[in-house]
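> The following block contains the structure, expressed as structure tokens.
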Amino acid sequence: MARYIVSAFKAVSTPAGAVLDRIIGPGWMATPSSLLDLMADGQHEFVLDGSSHTLTARRDPAGNIAILVVDDQGREVAPSSLPHWQMEMHRGSQVKAQRWWQRLLDPDAR
């Protein structure tokens, strides 16, 4: 069985709330759907860096499959409660740096 270390959950902000976008480990990165493909054959194990938590796939009564974080007792843990959870910040346009003489004329301007 191949064992992978998960170091970060990258989420993006949407109007419906934070959505898990990528799962990252040392030297690899996967989307939730590609991670489910790896989990389907049972030959891949994903453990969280620095903890006893693991990733698992579970099917709900409606038939949907979700990736869950579980502790060593098999209890579900919210990924957003873990230090591995990271929100991707929107990268806005960068403000052009002022020239030295512009800073002299208006030191409070940015």
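Scheme for the structure tokens: letters A, B, ... for chains in order shown; per-chain residue numbers from 1; ligand numbers from 1 in order shown.
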Do a neighbour search on Ala66 (chain A) at 7 Å with only C-alpha atoms, toss out local chain neighbours closer than 5 positions, and write the hits as a list in words.
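Here the qualifying residues turn out to be Ala57, Arg58 and Arg59 of chain A.
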> Where in chain A does DSSP assign strand (DSSP E or B), given as a count of residues only?
46
> Need the shell around His44 (chain A): protein/DNA/RNA residues with any atom at most 12 Å away, counting only C-alpha atoms. Skip same-chain ones fewer than 4 positions apart. Format as a PyMOL selection string?
chain A and resi 1-5+35-40+54-57
> Figure out the distance between CA of Pro15 (chain A) and CA of Pro32 (chain A), please, to one decimal in Å.
19.4 Å
> Given the choices A:Met87, A:Leu20, A:Gly50, A:Pro79, which gets closest to Ser33 (chain A) if the distance is worked out from only C-alpha atoms?
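Checking each of A:Met87, A:Leu20, A:Gly50, A:Pro79 against Ser33 (chain A), counting only C-alpha atoms, the winner is A:Leu20.
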> Any idea what the distance is between CA of Arg75 (chain A) and CA of Asp60 (chain A)?
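Calculated distance between CA of Arg75 (chain A) and CA of Asp60 (chain A) is 15.1 Å.
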> For a test of reading the model, state the distance in Å between CA of Ser52 (chain A) and CA of Leu68 (chain A), rounded to one decimal.
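We find that CA of Ser52 (chain A) and CA of Leu68 (chain A) lie 13.8 Å from each other.
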